[in-house]
$ cat entry-v9.cif   # mmCIF, C-alpha atoms
data_work
loop_
_atom_site.label_atom_id
_atom_site.label_comp_id
_atom_site.auth_asym_id
_atom_site.auth_seq_id
_atom_site.Cartn_x
_atom_site.Cartn_y
_atom_site.Cartn_z
CA MET A 255 12.46 46.26 30.31
CA LYS A 256 11.90 42.51 30.18
CA VAL A 257 11.99 40.97 26.70
CA GLY A 258 10.68 37.47 26.04
CA ILE A 259 11.83 35.57 22.95
CA VAL A 260 10.11 32.46 21.63
CA GLY A 261 12.62 30.34 19.72
CA ALA A 262 16.38 30.02 20.15
CA GLY A 263 17.45 29.43 16.58
CA ALA A 264 19.71 31.82 14.67
CA SER A 265 17.33 34.82 14.72
CA GLY A 266 16.25 34.18 18.32
CA MET A 267 19.82 33.96 19.61
CA MET A 268 20.80 37.15 17.78
CA ALA A 269 17.67 38.92 19.08
CA ALA A 270 18.48 37.82 22.63
CA VAL A 271 22.10 39.00 22.56
CA THR A 272 21.16 42.31 20.90
CA ALA A 273 18.32 43.04 23.33
CA ALA A 274 20.65 42.31 26.25
CA ASP A 275 23.33 44.58 24.76
CA TYR A 276 20.76 47.40 24.69
CA GLY A 277 19.94 46.97 28.37
CA ALA A 278 17.00 44.57 28.43
CA GLU A 279 16.47 41.67 30.78
CA VAL A 280 16.03 38.72 28.41
CA ILE A 281 14.33 35.36 28.74
CA VAL A 282 14.35 32.88 25.84
CA PHE A 283 12.00 29.91 25.38
CA GLU A 284 13.12 26.93 23.31
CA ARG A 285 11.22 23.70 22.60
CA ASN A 286 14.43 21.65 22.21
CA GLU A 287 16.69 20.54 25.03
CA ARG A 288 19.27 23.21 24.15
CA ILE A 289 19.55 26.47 22.25
CA GLY A 290 20.72 26.64 18.64
CA LYS A 291 20.32 22.95 17.90
CA LYS A 292 19.19 23.44 14.30
CA ILE A 293 22.17 25.61 13.42
CA LEU A 294 24.51 22.64 13.84
CA ALA A 295 23.16 21.13 10.60
CA THR A 296 23.48 24.25 8.44
CA GLY A 297 25.93 24.27 5.56
CA ASN A 298 26.51 20.51 5.91
CA GLY A 299 27.80 21.15 9.41
CA LYS A 300 30.10 24.00 8.31
CA CYS A 301 27.56 26.84 8.84
CA ASN A 302 27.57 29.19 5.85
CA ILE A 303 26.88 32.31 7.94
CA SER A 304 26.48 34.80 5.07
CA ASN A 305 27.58 35.74 1.56
CA LEU A 306 29.40 38.76 0.18
CA THR A 307 27.77 38.30 -3.24
CA PHE A 308 24.69 39.98 -1.91
CA HIS A 309 21.70 41.39 -3.81
CA MET A 310 17.92 41.33 -3.51
CA GLU A 311 17.50 38.86 -6.38
CA GLN A 312 18.74 36.21 -3.96
CA TYR A 313 15.56 36.66 -1.89
CA TYR A 314 11.90 35.83 -2.31
CA CYS A 315 9.83 38.60 -0.73
CA ASP A 316 6.78 40.68 -1.63
CA ASP A 317 8.55 43.96 -0.79
CA ARG A 318 12.22 43.94 -1.76
CA LYS A 319 12.54 47.70 -1.29
CA LYS A 320 11.58 47.29 2.37
CA LEU A 321 13.88 44.27 2.67
CA ARG A 322 16.82 46.22 1.20
CA ARG A 323 16.38 48.95 3.81
CA LEU A 324 16.38 46.38 6.59
CA PHE A 325 19.62 44.87 5.32
CA SER A 326 21.15 48.36 5.39
CA LEU A 327 20.80 48.18 9.20
CA PHE A 328 22.69 44.90 9.52
CA SER A 329 24.56 43.74 6.42
CA PRO A 330 26.92 40.81 5.74
CA TYR A 331 29.76 43.11 6.84
CA ASP A 332 27.99 43.64 10.16
CA THR A 333 27.74 39.86 10.46
CA ILE A 334 31.51 39.57 9.97
CA SER A 335 32.10 42.33 12.51
CA PHE A 336 29.76 40.71 15.04
CA PHE A 337 31.44 37.33 14.94
CA GLU A 338 35.01 38.61 14.72
CA SER A 339 34.45 40.99 17.64
CA ASN A 340 33.28 37.98 19.64
CA GLY A 341 36.36 35.90 18.89
CA MET A 342 35.46 33.93 15.78
CA MET A 343 37.68 34.08 12.71
CA VAL A 344 35.74 34.17 9.42
CA ARG A 345 36.73 32.32 6.24
CA ASN A 346 35.80 33.77 2.81
CA LYS A 347 35.42 31.09 0.14
CA ASN A 348 34.53 32.89 -3.12
CA GLY A 349 32.11 35.13 -1.22
CA TYR A 350 30.65 32.34 0.91
CA LEU A 351 31.38 33.08 4.57
CA TYR A 352 32.08 30.36 7.15
CA PRO A 353 33.67 30.08 10.58
CA TYR A 354 37.40 29.65 9.93
CA SER A 355 37.12 26.30 11.71
CA GLU A 356 34.38 25.32 9.23
CA GLN A 357 32.43 23.93 12.17
CA ALA A 358 28.88 25.05 12.90
CA SER A 359 29.55 24.28 16.56
CA THR A 360 31.88 27.31 16.65
CA VAL A 361 28.93 29.62 15.94
CA LEU A 362 26.84 27.96 18.60
CA ASP A 363 29.66 28.09 21.14
CA ILE A 364 29.93 31.86 20.57
CA PHE A 365 26.24 32.33 21.36
CA ARG A 366 26.36 30.06 24.40
CA ARG A 367 29.19 32.14 25.80
CA LEU A 368 27.35 35.38 25.05
CA PHE A 369 24.20 34.06 26.77
CA GLY A 370 26.25 33.37 29.88
CA GLU A 371 28.09 36.69 29.86
CA ARG A 372 24.84 38.64 29.46
CA ARG A 373 22.89 36.50 31.92
CA ILE A 374 20.27 35.63 29.36
CA GLU A 375 17.86 33.09 30.82
CA ALA A 376 17.18 30.13 28.53
CA VAL A 377 14.11 28.05 29.35
CA THR A 378 14.55 24.90 27.28
CA GLU A 379 12.26 21.94 26.61
CA THR A 380 9.38 24.40 26.78
CA GLU A 381 7.02 24.93 23.88
CA ILE A 382 4.97 28.11 24.16
CA GLU A 383 1.37 27.29 23.28
CA LYS A 384 -0.48 30.54 24.00
CA ALA A 385 0.41 34.21 23.96
CA SER A 386 -1.72 37.29 24.56
CA TYR A 387 -1.42 40.91 25.60
CA VAL A 388 -2.91 41.75 28.99
CA ARG A 389 -3.92 45.38 28.71
CA GLU A 390 -4.47 45.86 32.45
CA LYS A 391 -0.89 44.82 33.21
CA GLY A 392 0.65 46.32 30.07
CA GLN A 393 2.46 43.01 29.53
CA PHE A 394 2.40 39.90 27.39
CA ARG A 395 1.23 36.69 29.00
CA ILE A 396 2.84 33.57 27.56
CA GLN A 397 2.06 30.00 28.53
CA GLY A 398 3.84 26.70 27.94
CA ASN A 399 4.27 23.35 29.68
CA GLY A 400 1.81 24.43 32.37
CA ARG A 401 3.83 27.55 33.30
CA VAL A 402 2.91 31.20 32.81
CA PHE A 403 5.35 34.06 32.19
CA PHE A 404 4.90 37.82 31.83
CA VAL A 405 7.16 40.05 29.71
CA ASP A 406 7.06 43.69 28.60
CA ARG A 407 7.98 42.99 24.97
CA LEU A 408 7.68 39.77 23.01
CA ILE A 409 9.67 38.58 19.99
CA LEU A 410 8.48 35.57 17.99
CA CYS A 411 11.42 33.74 16.38
CA ALA A 412 10.05 30.21 16.46
CA GLY A 413 10.90 29.49 12.83
CA GLY A 414 8.98 27.09 10.63
CA PRO A 415 8.52 23.35 10.09
CA ALA A 416 11.54 22.81 7.78
CA SER A 417 13.59 19.73 8.77
CA HIS A 418 11.05 18.84 11.47
CA LYS A 419 9.00 15.67 11.57
CA ARG A 420 5.74 15.82 9.67
CA LYS A 421 3.25 18.35 11.13
CA GLU A 422 5.79 19.62 13.69
CA GLY A 423 7.28 23.10 13.91
CA LEU A 424 4.11 25.08 13.12
CA GLY A 425 3.82 26.54 16.62
CA GLY A 426 5.38 29.90 15.76
CA PHE A 427 2.84 30.52 13.01
CA ALA A 428 0.01 29.58 15.40
CA LEU A 429 1.27 32.07 17.99
CA ALA A 430 1.44 34.85 15.39
CA GLU A 431 -2.07 34.01 14.21
CA GLN A 432 -3.31 34.38 17.81
CA PHE A 433 -2.55 38.10 17.40
CA GLY A 434 -4.49 38.27 14.13
CA HIS A 435 -1.64 37.97 11.64
CA ARG A 436 -2.24 36.64 8.15
CA LEU A 437 -0.31 33.52 7.15
CA HIS A 438 0.93 32.91 3.61
CA LYS A 439 0.71 29.11 3.36
CA PRO A 440 4.10 27.55 4.11
CA VAL A 441 5.67 25.20 1.55
CA PRO A 442 9.03 23.39 1.53
CA GLY A 443 11.94 25.51 0.28
CA LEU A 444 15.45 24.43 -0.76
CA VAL A 445 14.12 20.94 -1.28
CA GLN A 446 14.26 18.07 -3.78
CA LEU A 447 11.73 17.65 -6.61
CA ARG A 448 9.94 14.37 -7.22
CA CYS A 449 9.45 13.09 -10.78
CA GLY A 450 7.47 10.10 -11.98
CA GLU A 451 9.49 9.31 -15.12
CA PRO A 452 11.11 5.83 -14.99
CA PHE A 453 14.25 6.95 -16.85
CA ILE A 454 15.11 9.23 -13.90
CA LYS A 455 15.32 6.21 -11.62
CA ALA A 456 17.81 4.64 -14.05
CA MET A 457 20.14 7.60 -13.45
CA ALA A 458 19.97 7.41 -9.63
CA GLY A 459 23.26 8.19 -7.94
CA VAL A 460 24.63 10.31 -10.79
CA ARG A 461 25.84 13.88 -10.27
CA ALA A 462 26.21 15.96 -13.42
CA ALA A 463 26.98 19.58 -14.25
CA ALA A 464 23.97 21.01 -16.08
CA GLU A 465 21.67 23.95 -16.59
CA VAL A 466 18.15 23.36 -15.28
CA SER A 467 15.18 25.47 -16.33
CA LEU A 468 11.88 25.62 -14.46
CA CYS A 469 8.72 25.73 -16.60
CA VAL A 470 5.18 26.30 -15.36
CA ASP A 471 2.30 25.50 -17.69
CA GLY A 472 4.88 25.18 -20.45
CA ALA A 473 6.30 28.67 -19.98
CA PHE A 474 9.91 29.34 -18.94
CA VAL A 475 10.21 30.80 -15.42
CA CYS A 476 13.90 30.75 -14.50
CA ALA A 477 17.14 28.81 -14.93
CA GLU A 478 19.99 27.76 -12.64
CA SER A 479 23.33 26.08 -13.29
CA GLY A 480 25.46 23.72 -11.22
CA GLU A 481 25.65 20.11 -10.13
CA VAL A 482 22.36 18.24 -10.48
CA GLN A 483 21.86 15.03 -8.51
CA PHE A 484 19.61 12.25 -9.76
CA THR A 485 17.83 10.09 -7.19
CA GLU A 486 15.42 7.17 -7.09
CA TYR A 487 12.50 9.62 -6.87
CA GLY A 488 13.63 12.66 -8.85
CA ILE A 489 16.20 15.44 -8.95
CA SER A 490 18.20 17.27 -6.30
CA GLY A 491 21.22 19.55 -5.94
CA ILE A 492 21.68 23.28 -5.38
CA PRO A 493 20.37 24.39 -8.83
CA VAL A 494 17.14 22.49 -8.15
CA PHE A 495 16.90 23.85 -4.58
CA GLN A 496 17.15 27.44 -5.82
CA PHE A 497 13.76 27.39 -7.57
CA SER A 498 12.07 24.61 -5.58
CA ARG A 499 9.86 27.06 -3.64
CA THR A 500 8.54 28.48 -6.93
CA ALA A 501 7.81 24.94 -8.10
CA ALA A 502 6.12 24.15 -4.77
CA TYR A 503 3.72 27.08 -5.02
CA ALA A 504 2.90 26.29 -8.65
CA LEU A 505 2.13 22.68 -7.70
CA LEU A 506 0.01 23.93 -4.79
CA ASP A 507 -2.04 25.93 -7.32
CA GLY A 508 -2.55 22.82 -9.44
CA ARG A 509 -0.35 24.02 -12.30
CA ASP A 510 1.75 21.89 -14.63
CA VAL A 511 5.41 21.97 -13.56
CA SER A 512 8.42 20.60 -15.43
CA VAL A 513 12.18 20.99 -15.49
CA LYS A 514 14.31 21.07 -18.64
CA ILE A 515 17.88 19.83 -18.25
CA ASN A 516 20.75 20.83 -20.57
CA PHE A 517 23.82 18.67 -20.07
CA PHE A 518 25.89 20.84 -22.45
CA PRO A 519 25.20 24.44 -21.35
CA ASP A 520 28.72 25.55 -22.36
CA TYR A 521 28.07 24.81 -26.04
CA GLU A 522 26.21 27.05 -28.46
CA ARG A 523 23.66 25.15 -30.53
CA THR A 524 25.53 25.51 -33.82
CA ALA A 525 28.78 24.24 -32.25
CA PHE A 526 26.99 21.29 -30.68
CA ASP A 527 25.29 20.44 -34.00
CA TYR A 528 28.70 20.44 -35.71
CA ILE A 529 30.11 18.05 -33.08
CA VAL A 530 27.16 15.67 -33.47
CA ARG A 531 27.38 15.66 -37.28
CA ASN A 532 31.13 15.12 -37.17
CA ARG A 533 30.82 12.22 -34.70
CA PHE A 534 28.10 10.68 -36.87
CA GLU A 535 30.34 10.70 -39.93
CA MET A 536 33.37 9.36 -38.08
CA MET A 537 31.55 6.67 -36.07
CA ARG A 538 28.97 5.24 -38.49
CA LYS A 539 29.87 1.66 -37.63
CA ALA A 540 30.00 2.20 -33.86
CA PRO A 541 27.25 1.07 -31.48
CA LEU A 542 25.30 3.87 -29.77
CA GLU A 543 26.90 3.10 -26.41
CA GLU A 544 30.31 3.78 -27.93
CA PHE A 545 29.06 6.80 -29.90
CA LEU A 546 28.05 8.50 -26.62
CA LEU A 547 31.13 7.45 -24.69
CA GLY A 548 32.69 10.36 -22.80
CA MET A 549 29.87 12.82 -23.49
CA THR A 550 28.00 12.38 -20.21
CA ASN A 551 27.89 9.81 -17.43
CA LYS A 552 27.32 6.29 -18.77
CA LYS A 553 24.11 5.92 -16.75
CA ILE A 554 22.70 9.05 -18.39
CA ASN A 555 23.72 7.84 -21.85
CA LEU A 556 22.05 4.45 -21.38
CA ALA A 557 18.89 5.95 -19.86
CA LEU A 558 18.42 8.36 -22.76
CA ILE A 559 19.12 5.68 -25.37
CA LYS A 560 16.36 3.57 -23.83
CA ARG A 561 14.06 6.60 -23.52
CA GLU A 562 14.33 7.10 -27.29
CA GLY A 563 13.30 3.49 -27.92
CA LEU A 564 16.80 2.47 -28.99
CA ARG A 565 19.33 -0.14 -27.81
CA PRO A 566 22.95 0.44 -26.77
CA ALA A 567 24.13 -2.11 -29.37
CA ASP A 568 22.33 -0.41 -32.28
CA THR A 569 24.86 1.01 -34.74
CA VAL A 570 24.93 4.69 -35.58
CA GLU A 571 24.44 3.96 -39.29
CA ALA A 572 21.44 1.70 -38.67
CA VAL A 573 19.76 4.28 -36.47
CA GLY A 574 20.26 7.05 -39.03
CA TYR A 575 21.03 10.72 -38.62
CA PRO A 576 17.45 12.01 -37.96
CA ARG A 577 17.04 9.70 -34.94
CA ILE A 578 20.60 10.41 -33.78
CA ARG A 579 19.69 14.09 -33.95
CA ARG A 580 16.57 13.52 -31.80
CA LEU A 581 18.61 11.50 -29.30
CA MET A 582 21.22 14.24 -28.99
CA ASP A 583 18.52 16.91 -28.65
CA SER A 584 17.43 15.15 -25.45
CA PHE A 585 20.85 15.94 -23.95
CA LEU A 586 20.21 19.63 -24.60
CA GLU A 587 16.58 19.76 -23.51
CA LEU A 588 15.58 16.80 -21.38
CA THR A 589 12.08 17.56 -20.12
CA VAL A 590 11.26 16.08 -16.71
CA PRO A 591 7.68 16.48 -15.39
CA VAL A 592 7.53 17.31 -11.68
CA CYS A 593 4.76 15.69 -9.64
CA SER A 594 5.63 17.05 -6.17
CA THR A 595 8.37 18.23 -3.87
CA ASN A 596 9.78 16.28 -0.98
CA GLY A 597 8.16 17.15 2.35
CA MET A 598 9.04 19.72 4.99
CA GLU A 599 11.05 17.11 6.85
CA ASN A 600 13.51 17.11 3.91
CA ALA A 601 13.52 20.88 3.33
CA GLN A 602 16.35 23.17 4.43
CA ILE A 603 13.97 26.11 4.88
CA CYS A 604 10.28 26.90 4.98
CA ALA A 605 8.96 29.28 2.32
CA GLY A 606 5.90 31.36 3.12
CA GLY A 607 4.99 32.60 6.59
CA ILE A 608 3.48 35.69 8.16
CA ASP A 609 2.72 38.39 5.62
CA PHE A 610 5.73 40.75 5.46
CA SER A 611 3.42 43.78 5.27
CA GLN A 612 2.21 43.04 8.81
CA VAL A 613 5.45 44.21 10.41
CA ASP A 614 6.89 47.73 10.15
CA MET A 615 10.48 48.79 9.52
CA GLN A 616 11.32 47.95 13.15
CA LEU A 617 9.80 44.48 12.64
CA GLU A 618 7.12 45.43 15.13
CA SER A 619 3.69 43.98 14.51
CA VAL A 620 1.12 46.33 12.98
CA LYS A 621 -1.49 44.25 14.81
CA GLN A 622 -0.05 44.43 18.32
CA PRO A 623 2.37 47.08 19.66
CA GLY A 624 5.28 45.59 21.55
CA LEU A 625 5.19 42.36 19.55
CA TYR A 626 8.06 41.68 17.10
CA LEU A 627 8.55 38.98 14.49
CA ALA A 628 11.84 37.78 13.00
CA GLY A 629 13.54 35.08 10.98
CA GLU A 630 11.80 32.27 9.16
CA LEU A 631 8.47 33.16 10.75
CA LEU A 632 8.11 36.00 8.23
CA ASP A 633 7.43 35.45 4.53
CA VAL A 634 11.04 36.11 3.51
CA ASP A 635 13.40 33.42 2.30
CA GLY A 636 16.60 33.26 0.32
CA LYS A 637 18.48 30.95 -1.99
CA CYS A 638 21.30 28.61 -0.97
CA GLY A 639 24.54 30.29 0.02
CA GLY A 640 24.16 31.82 3.47
CA TYR A 641 21.33 34.16 2.52
CA ASN A 642 18.82 32.67 4.95
CA LEU A 643 21.21 32.89 7.88
CA GLN A 644 21.97 36.49 6.94
CA TRP A 645 18.23 37.24 7.14
CA ALA A 646 18.16 35.53 10.55
CA TRP A 647 21.03 37.71 11.85
CA THR A 648 19.56 40.90 10.35
CA SER A 649 15.99 40.39 11.51
CA GLY A 650 17.11 39.14 14.94
CA TYR A 651 19.29 42.21 15.43
CA ILE A 652 16.55 44.64 14.37
CA ALA A 653 13.81 42.97 16.45
CA GLY A 654 16.07 42.63 19.51
CA ARG A 655 17.28 46.21 19.43
CA ASN A 656 13.84 47.73 18.97
CA ALA A 657 12.24 45.46 21.57
CA ALA A 658 14.85 46.66 24.07
CA GLY A 659 13.76 50.25 23.44
CA SER A 660 16.57 51.43 21.13
CA SER A 661 14.75 52.41 17.95
CA THR A 662 16.38 51.89 14.56
CA ARG A 663 14.19 54.58 12.97
CA GLU A 664 16.98 57.13 13.17
CA ASN A 665 19.36 54.78 11.35
CA LEU A 666 16.84 54.62 8.51
CA GLY A 667 16.53 58.40 8.38
CA GLU A 668 12.94 58.30 9.63
#

$ encode --input "entry-v9.cif" --output "structure tokens"
Amino acid sequence: MKVGIVGAGASGMMAAVTAADYGAEVIVFERNERIGKKILATGNGKCNISNLTFHMEQYYCDDRKKLRRLFSLFSPYDTISFFESNGMMVRNKNGYLYPYSEQASTVLDIFRRLFGERRIEAVTETEIEKASYVREKGQFRIQGNGRVFFVDRLILCAGGPASHKRKEGLGGFALAEQFGHRLHKPVPGLVQLRCGEPFIKAMAGVRAAAEVSLCVDGAFVCAESGEVQFTEYGISGIPVFQFSRTAAYALLDGRDVSVKINFFPDYERTAFDYIVRNRFEMMRKAPLEEFLLGMTNKKINLALIKREGLRPADTVEAVGYPRIRRLMDSFLELTVPVCSTNGMENAQICAGGIDFSQVDMQLESVKQPGLYLAGELLDVDGKCGGYNLQWAWTSGYIAGRNAAGSSTRENLGE
């Protein structure tokens, strides 16, 4: 059995090693000059390989029941076992799993060694442009860089356009569409949000702990907490990344998107009101800049004073309690309209992809027998924290094993 794999990212490398372990002859095609190049940038170079705080709410997918069953075949604990059995120590940092070296290159070095030991052929600097099934031969014909290859089974793991230059990285979707698959329009995921408000620019460079809530057409959608980063163009940070794909799809549909920021999420409203009233009484003669000292970053304080039409030198008494109250309310519920997301070239992942219903529980195409899809190519994506790499390992393992002829149906009780 000869298995061809298009794409040598995380899911493609796992698919290749698994298929070889189950007896297949494996050939991998990669557009870059070497395998696994993209993995070196994951987790800020530390490679967050998975997460033990694992549940389906961490994933965006149209069929979470199906996704849960797939993860039962290769879980975060299987990921730990895989890497440890191949010589890599794993570090657990509050559930976040990393190589003990905290170097992404360790993960890549493991796969390079496994490719060599299993005699997996890697054809690099080769972008596959066409793929079809030749019924007379009972094989897949794949073509790239003027060369033609034939394989018995084909796995598409070419990923998406995230972190690529504009309009690059769409080849995997095009290959899947050649077999009649339906594509759910890709949008940037785990990406920054752009905002047109001038006061945001005044806070550029500030990092602040906050709760951020996503609103679409004025209605609350979800909330995340953590460190928010303010930039020249908008807002960033893990809490923003977590719901950025939801914001991206809402913007794509032409809906009104905004984010509400609470700089004091640890305080109940009544307790916060008491603090404000008490400060007002004690600091009547103080200028506003001094009144806000120590509450949030000075840049935030000054930006919100100006946003309210006030001046830092205005005294608390002159401003009056009603306006002080309005000013302080903006620290609890600062509404920031969102005009767009940053582009795919800035995104950590690509949301969207081939409709998840168009693969079965073995990740085999319902359109073309013998064709398998895995990783970012499918319309499954997770939040920050190792969840996307876990999906890559899981889907790569399942696709590789089944393509090699060792069905996982029995493991699912089918």

$ residues_around --input "entry-v9.cif" --residues "range 390-405 of chain A" --least-positions-apart "2" --cutoff "6 Å" --atoms "only C-alpha atoms" --output "PDB file with C-alpha atoms, in the coordinates of the input"
ATOM      1  CA  LYS A 256      11.900  42.510  30.180  1.00  0.00           C
ATOM      2  CA  VAL A 257      11.990  40.970  26.700  1.00  0.00           C
ATOM      3  CA  GLY A 258      10.680  37.470  26.040  1.00  0.00           C
ATOM      4  CA  THR A 380       9.380  24.400  26.780  1.00  0.00           C
ATOM      5  CA  GLU A 381       7.020  24.930  23.880  1.00  0.00           C
ATOM      6  CA  ILE A 382       4.970  28.110  24.160  1.00  0.00           C
ATOM      7  CA  GLU A 383       1.370  27.290  23.280  1.00  0.00           C
ATOM      8  CA  LYS A 384      -0.480  30.540  24.000  1.00  0.00           C
ATOM      9  CA  ALA A 385       0.410  34.210  23.960  1.00  0.00           C
ATOM     10  CA  SER A 386      -1.720  37.290  24.560  1.00  0.00           C
ATOM     11  CA  TYR A 387      -1.420  40.910  25.600  1.00  0.00           C
ATOM     12  CA  VAL A 388      -2.910  41.750  28.990  1.00  0.00           C
ATOM     13  CA  ARG A 407       7.980  42.990  24.970  1.00  0.00           C
TER      14      ARG A 407
END

$ residues_around --input "entry-v9.cif" --residues "range 434-445 of chain A" --least-positions-apart "6" --cutoff "9 Å" --atoms "all atoms listed in the file" --output "NGL selection string"
:A and (414-416 or 427 or 490-492 or 494-500 or 502-503 or 506 or 595-609 or 612 or 619-622 or 632-633 or 635-638)

$ atom_distance --input "entry-v9.cif" --atom1 "CA of Thr485 in chain A" --atom2 "CA of Val592 in chain A"
13.4 Å

$ atom_distance --input "entry-v9.cif" --atom1 "CA of Arg509 in chain A" --atom2 "CA of Asp471 in chain A"
6.2 Å

$ atom_distance --input "entry-v9.cif" --atom1 "CA of Glu522 in chain A" --atom2 "CA of Glu535 in chain A"
20.4 Å

$ closest_residue --input "entry-v9.cif" --among "A:Asn305, A:Leu556, A:Val377, A:Gly624" --to "Asn348 in chain A" --atoms "only C-alpha atoms"
A:Asn305

$ closest_residue --input "entry-v9.cif" --among "A:Leu306, A:Val530, A:Met582, A:Cys315" --to "Ile554 in chain A" --atoms "only C-alpha atoms"
A:Met582

$ closest_residue --input "entry-v9.cif" --among "A:Phe337, A:Phe325, A:Phe526, A:Tyr626" --to "Ala658 in chain A" --atoms "only C-alpha atoms"
A:Tyr626

$ residues_near_point --input "entry-v9.cif" --point "(25.5, 17.6, -14.2)" --cutoff "6 Å" --atoms "all atoms listed in the file" --output "JSON, numbers by chain"
{"A": [461, 462, 463, 464, 481, 482]}

$ resolve_selection --input "entry-v9.cif" --expression "the PyMOL selection byres ((chain A and resi 627) around 10)" --output "ChimeraX atom specification"
/A:259-260,265-266,408-413,426,430,608,610,612-614,616-619,625-626,628-632,649-650,652-654

$ axis_aligned_box --input "entry-v9.cif" --around "range 645-654 of chain A" --padding-each-side "3 Å" --output "lines of an AutoDock Vina configuration file"
center_x = 17.4
center_y = 40.1
center_z = 13.3
size_x = 13.2
size_y = 15.1
size_z = 18.4

$ residues_around --input "entry-v9.cif" --residues "Glu284 in chain A" --least-positions-apart "5" --cutoff "6 Å" --atoms "all atoms listed in the file" --output "PyMOL selection string"
chain A and resi 261-262+378+380

$ closest_residue --input "entry-v9.cif" --among "A:Arg323, A:Met267, A:Tyr521, A:Leu588" --to "Phe283 in chain A" --atoms "all atoms listed in the file"
A:Met267

$ residues_around --input "entry-v9.cif" --residues "Gln644 in chain A" --least-positions-apart "4" --cutoff "9 Å" --atoms "all atoms listed in the file" --output "PyMOL selection string"
chain A and resi 303-305+325+328-330+333+640+648-649

$ residues_around --input "entry-v9.cif" --residues "Ser584 in chain A" --least-positions-apart "4" --cutoff "12 Å" --atoms "all atoms listed in the file" --output "list in words"
Lys514, Ile515, Asn516, Phe517, Phe518, Ile554, Asn555, Ala557, Leu558, Ile559, Lys560, Arg561, Glu562, Arg577, Ile578, Arg579, Arg580, Leu588, Thr589 and Val590 of chain A

$ resolve_selection --input "entry-v9.cif" --expression "the PyMOL selection byres ((chain A and resi 539) around 8)" --output "PyMOL selection string"
chain A and resi 537-538+540-541+569-571

$ closest_residue --input "entry-v9.cif" --among "A:Glu375, A:Glu356, A:Glu451, A:Asp527" --to "Ala270 in chain A" --atoms "all atoms listed in the file"
A:Glu375

$ resolve_selection --input "entry-v9.cif" --expression "the PyMOL selection byres ((chain A and resi 478) around 6)" --output "list in words"
Glu465, Val466, Ala477, Ser479 and Pro493 of chain A

$ closest_residue --input "entry-v9.cif" --among "A:Lys552, A:Ala264, A:Asp568, A:Val280" --to "Ile364 in chain A" --atoms "only C-alpha atoms"
A:Ala264

$ residues_near_point --input "entry-v9.cif" --point "(21.9, 21.4, 15.4)" --cutoff "12 Å" --atoms "only C-alpha atoms" --output "list of chain:residue names"
A:Ala262, A:Gly263, A:Ala264, A:Asn286, A:Glu287, A:Arg288, A:Ile289, A:Gly290, A:Lys291, A:Lys292, A:Ile293, A:Leu294, A:Ala295, A:Thr296, A:Gly297, A:Asn298, A:Gly299, A:Lys300, A:Cys301, A:Gln357, A:Ala358, A:Ser359, A:Thr360, A:Val361, A:Leu362, A:Asp363, A:Ser417, A:His418

$ build_atoms --input "entry-v9.cif" --residues "range 397-407 of chain A" --atoms "N, CA and C atoms" --output "short mmCIF file (atom, residue, chain, number, x, y, z; two decimals), in the frame of the given file"
data_model
loop_
_atom_site.label_atom_id
_atom_site.label_comp_id
_atom_site.auth_asym_id
_atom_site.auth_seq_id
_atom_site.Cartn_x
_atom_site.Cartn_y
_atom_site.Cartn_z
N GLN A 397 2.32 31.23 27.79
CA GLN A 397 2.06 30.00 28.53
C GLN A 397 2.63 28.80 27.79
N GLY A 398 3.30 27.92 28.53
CA GLY A 398 3.84 26.70 27.94
C GLY A 398 4.22 25.70 29.01
N ASN A 399 3.96 24.44 28.74
CA ASN A 399 4.27 23.35 29.68
C ASN A 399 3.69 23.61 31.07
N GLY A 400 2.50 24.21 31.10
CA GLY A 400 1.81 24.43 32.37
C GLY A 400 2.33 25.62 33.16
N ARG A 401 3.28 26.37 32.61
CA ARG A 401 3.83 27.55 33.30
C ARG A 401 3.40 28.82 32.58
N VAL A 402 3.31 29.90 33.35
CA VAL A 402 2.91 31.20 32.81
C VAL A 402 4.02 32.21 33.09
N PHE A 403 4.32 33.03 32.07
CA PHE A 403 5.35 34.06 32.19
C PHE A 403 4.78 35.38 31.71
N PHE A 404 5.29 36.48 32.27
CA PHE A 404 4.90 37.82 31.83
C PHE A 404 6.15 38.58 31.39
N VAL A 405 6.04 39.24 30.23
CA VAL A 405 7.16 40.05 29.71
C VAL A 405 6.61 41.36 29.17
N ASP A 406 7.48 42.37 29.10
CA ASP A 406 7.06 43.69 28.60
C ASP A 406 6.99 43.73 27.08
N ARG A 407 7.95 43.07 26.44
CA ARG A 407 7.98 42.99 24.97
C ARG A 407 8.16 41.53 24.59
#
